[in-house]
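Read the structure below first, then the notes.
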Amino acid sequence: MESLEKSWYVLHTYSGYENKVKENIESRAQSMGMEDNIFRVVVPEEEEREIKNGKEKVTARKTFPGYVLVEMIMSDDAWYVVRNTPGVTGFVGSHGAGSKPAPLLDEEVESILHELGMSRRTSDLDVELGEVVTIKTGAFSGLTGDITEIDMEKQKLKVNIDMFGRETSTELDFDQVDKL
């Protein structure tokens with residue numbers, strides 16, 4: 001069963017090896033020519049702040065220890081590359097014996113990525129700092145603004161818009177804007 005749709009899947013990994021698995025999948029996808037099937041790999045983490053000896057320390061805490069999310073098109077080859085990555089013990093939702101796993105539901109993906117401050121949809125938006133974009137969704141729909149910051153990892157932009165004669169900065173997902 002080959003699915004030509006890009007979906008998110010959950011991998012079970014050895015606990016403590018999540019970041020290593022992420023690196024391994026990304027490098028294997030590149031070295032094995034699977035960039036058209038394996039897209040984003042995410043280790044769900046949240047920032048944790050604690051104060052020790054009067055100093056604030058920020059650490060990243062795994063939201064789901066032992067699990068890694070991978071956005072991929074589930075082909076036999078992509079399944080093989082990911083499944084046989086060192087540190088991966090299997091796909092969650094797979095019934096063994098080489099069966100293909102079930103992808104996460106859209107609502108689950110939306111919820112998890114939103115918690116991580118990421119957008120579910122990737123965009124091939126090709127923009128540069130200072131470029132003018134039109135906002136197509138949200139509260140500022142229809143307005144234009146200048147790009148002041150681009151975050152490729154989180155697929156977000158900071159855009160300065162003109163609100164009542166004052167310049168206001170807003171953060172938007174790549175898929176909320178169009179180039180002029």
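The chains in the structure tokens are called A, B, ... from first to last as shown; in each chain the residues are counted from 1, and the ligands are counted from 1 in the order shown.
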Within 9 Å of region 160-172 of chain A, counting only C-alpha atoms, which residues show up once you throw out same-chain ones fewer than 2 positions away? Write them as a ChimeraX atom specification, please. /A:135,138,140,143-149,155-158,174-177
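Using only C-alpha atoms, the nearest neighbour of Asn24 (chain A) within the list A:Leu180, A:Ile73, A:Val41, A:Ala102 is A:Val41.
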Output as a PyMOL selection string all residues of region 8-176 of chain A that backbone DSSP marks as helix (DSSP H, G or I). chain A and resi 18-31+76-83+106-115+174-176
Please produce a file of the residues just selected, as a short mmCIF file (atom, residue, chain, number, x, y, z; two decimals), in the first residue's frame, where the atoms kept are N, CA and C atoms.
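Printed below is result-v8.cif as written:
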```cif
data_model
loop_
_atom_site.label_atom_id
_atom_site.label_comp_id
_atom_site.auth_asym_id
_atom_site.auth_seq_id
_atom_site.Cartn_x
_atom_site.Cartn_y
_atom_site.Cartn_z
N GLU A 18 16.41 10.55 20.66
CA GLU A 18 15.50 11.24 19.74
C GLU A 18 16.23 12.19 18.78
N ASN A 19 17.13 13.02 19.30
CA ASN A 19 17.84 13.98 18.44
C ASN A 19 18.79 13.27 17.48
N LYS A 20 19.41 12.19 17.94
CA LYS A 20 20.30 11.41 17.08
C LYS A 20 19.50 10.77 15.95
N VAL A 21 18.32 10.24 16.27
CA VAL A 21 17.45 9.64 15.25
C VAL A 21 17.05 10.70 14.22
N LYS A 22 16.71 11.91 14.69
CA LYS A 22 16.35 13.01 13.78
C LYS A 22 17.50 13.28 12.80
N GLU A 23 18.73 13.41 13.34
CA GLU A 23 19.91 13.66 12.50
C GLU A 23 20.12 12.51 11.52
N ASN A 24 20.03 11.27 12.02
CA ASN A 24 20.24 10.10 11.17
C ASN A 24 19.24 10.04 10.02
N ILE A 25 17.96 10.29 10.32
CA ILE A 25 16.93 10.24 9.27
C ILE A 25 17.20 11.32 8.23
N GLU A 26 17.52 12.54 8.71
CA GLU A 26 17.77 13.63 7.77
C GLU A 26 18.97 13.33 6.87
N SER A 27 20.05 12.77 7.44
CA SER A 27 21.22 12.50 6.61
C SER A 27 20.98 11.30 5.70
N ARG A 28 20.25 10.29 6.18
CA ARG A 28 19.94 9.12 5.33
C ARG A 28 19.01 9.52 4.18
N ALA A 29 18.04 10.40 4.46
CA ALA A 29 17.12 10.85 3.41
C ALA A 29 17.92 11.53 2.30
N GLN A 30 18.92 12.32 2.69
CA GLN A 30 19.73 13.01 1.71
C GLN A 30 20.66 12.05 0.98
N SER A 31 21.39 11.21 1.71
CA SER A 31 22.37 10.33 1.08
C SER A 31 21.71 9.23 0.25
N ASP A 76 7.37 2.30 -0.21
CA ASP A 76 8.13 1.17 0.32
C ASP A 76 9.56 1.59 0.64
N ASP A 77 10.17 2.36 -0.27
CA ASP A 77 11.56 2.78 -0.06
C ASP A 77 11.69 3.72 1.14
N ALA A 78 10.78 4.69 1.24
CA ALA A 78 10.83 5.64 2.36
C ALA A 78 10.62 4.90 3.68
N TRP A 79 9.67 3.98 3.70
CA TRP A 79 9.41 3.17 4.90
C TRP A 79 10.67 2.43 5.30
N TYR A 80 11.34 1.82 4.33
CA TYR A 80 12.56 1.05 4.59
C TYR A 80 13.67 1.94 5.17
N VAL A 81 13.88 3.11 4.53
CA VAL A 81 14.94 4.03 4.98
C VAL A 81 14.70 4.46 6.43
N VAL A 82 13.46 4.87 6.73
CA VAL A 82 13.15 5.35 8.08
C VAL A 82 13.17 4.20 9.09
N ARG A 83 12.53 3.09 8.75
CA ARG A 83 12.41 1.95 9.67
C ARG A 83 13.78 1.39 10.06
N ASP A 106 -5.14 14.62 10.99
CA ASP A 106 -4.83 16.04 10.79
C ASP A 106 -4.96 16.85 12.07
N GLU A 107 -6.04 16.57 12.87
CA GLU A 107 -6.24 17.34 14.10
C GLU A 107 -5.10 17.10 15.09
N GLU A 108 -4.60 15.85 15.14
CA GLU A 108 -3.50 15.53 16.06
C GLU A 108 -2.24 16.29 15.65
N VAL A 109 -1.95 16.27 14.35
CA VAL A 109 -0.76 16.95 13.84
C VAL A 109 -0.87 18.45 14.10
N GLU A 110 -2.03 19.01 13.77
CA GLU A 110 -2.27 20.44 13.97
C GLU A 110 -2.01 20.82 15.43
N SER A 111 -2.55 20.03 16.34
CA SER A 111 -2.43 20.29 17.77
C SER A 111 -0.97 20.22 18.24
N ILE A 112 -0.27 19.16 17.86
CA ILE A 112 1.12 18.97 18.30
C ILE A 112 2.01 20.07 17.74
N LEU A 113 1.91 20.32 16.43
CA LEU A 113 2.77 21.34 15.81
C LEU A 113 2.45 22.73 16.34
N HIS A 114 1.18 22.98 16.61
CA HIS A 114 0.78 24.28 17.17
C HIS A 114 1.46 24.48 18.54
N GLU A 115 1.45 23.42 19.36
CA GLU A 115 2.12 23.46 20.67
C GLU A 115 3.60 23.80 20.53
N PHE A 174 4.14 30.98 6.87
CA PHE A 174 4.43 31.13 5.43
C PHE A 174 3.15 31.03 4.60
N ASP A 175 2.26 30.10 5.01
CA ASP A 175 1.07 29.87 4.18
C ASP A 175 -0.02 30.93 4.36
N GLN A 176 0.27 31.97 5.16
CA GLN A 176 -0.69 33.05 5.34
C GLN A 176 -0.41 34.24 4.42
#
```
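With only C-alpha atoms as the atoms that count, the residue of A:Leu129, A:Val58, A:Ile38, A:Val43 with the shortest distance to Glu71 (chain A) is A:Ile38.
Coordinates place CA of Met32 (chain A) at a distance of 27.7 Å from CA of Glu45 (chain A).
For the residues A:Leu11, A:Leu105, A:Val133, A:Leu4, ranking by smallest atom-to-atom distance to Gly87 (chain A) using only C-alpha atoms places A:Leu11 first.
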Show which residues sit within 7 Å of Glu48 (chain A), as a PDB file with N, CA, C and O atoms, in the first residue's frame. Count only C-alpha atoms, and ignore same-chain residues fewer than 4 positions away.
```
ATOM      1  N   VAL A  58      17.358  27.763  31.059  1.00  0.00           N
ATOM      2  CA  VAL A  58      16.332  27.280  30.142  1.00  0.00           C
ATOM      3  C   VAL A  58      16.822  25.968  29.534  1.00  0.00           C
ATOM      4  O   VAL A  58      17.919  25.903  28.980  1.00  0.00           O
ATOM      5  N   THR A  59      16.011  24.922  29.673  1.00  0.00           N
ATOM      6  CA  THR A  59      16.370  23.635  29.087  1.00  0.00           C
ATOM      7  C   THR A  59      15.222  23.168  28.193  1.00  0.00           C
ATOM      8  O   THR A  59      14.079  23.568  28.376  1.00  0.00           O
ATOM      9  N   ALA A  60      15.559  22.310  27.242  1.00  0.00           N
ATOM     10  CA  ALA A  60      14.525  21.736  26.369  1.00  0.00           C
ATOM     11  C   ALA A  60      14.121  20.388  26.966  1.00  0.00           C
ATOM     12  O   ALA A  60      14.960  19.529  27.200  1.00  0.00           O
ATOM     13  N   ARG A  61      12.830  20.247  27.237  1.00  0.00           N
ATOM     14  CA  ARG A  61      12.324  18.997  27.789  1.00  0.00           C
ATOM     15  C   ARG A  61      11.498  18.296  26.713  1.00  0.00           C
ATOM     16  O   ARG A  61      10.676  18.903  26.045  1.00  0.00           O
TER      17      ARG A  61
END
```
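Closest approach to Met34 (chain A) among A:Met72, A:Lys154, A:Lys179, A:His12: A:Met72, based on only C-alpha atoms.
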Students should find that CA of Gly90 (chain A) and CA of Val42 (chain A) are spaced 15.8 Å
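For the choices A:Glu46, A:Ser75, A:Tyr9, A:Asp178, the atom-to-atom distance to Val92 (chain A) is smallest for A:Tyr9 when using only C-alpha atoms.
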What gap, in Å, lies between CA of Glu50 (chain A) and CA of Gly117 (chain A)? 20.9 Å
As a PyMOL selection string, list the residues of region 85-175 of chain A assigned to strand (DSSP E) by DSSP on the backbone atoms of this structure. chain A and resi 88-91+132-135+144-151+156-163+166-173
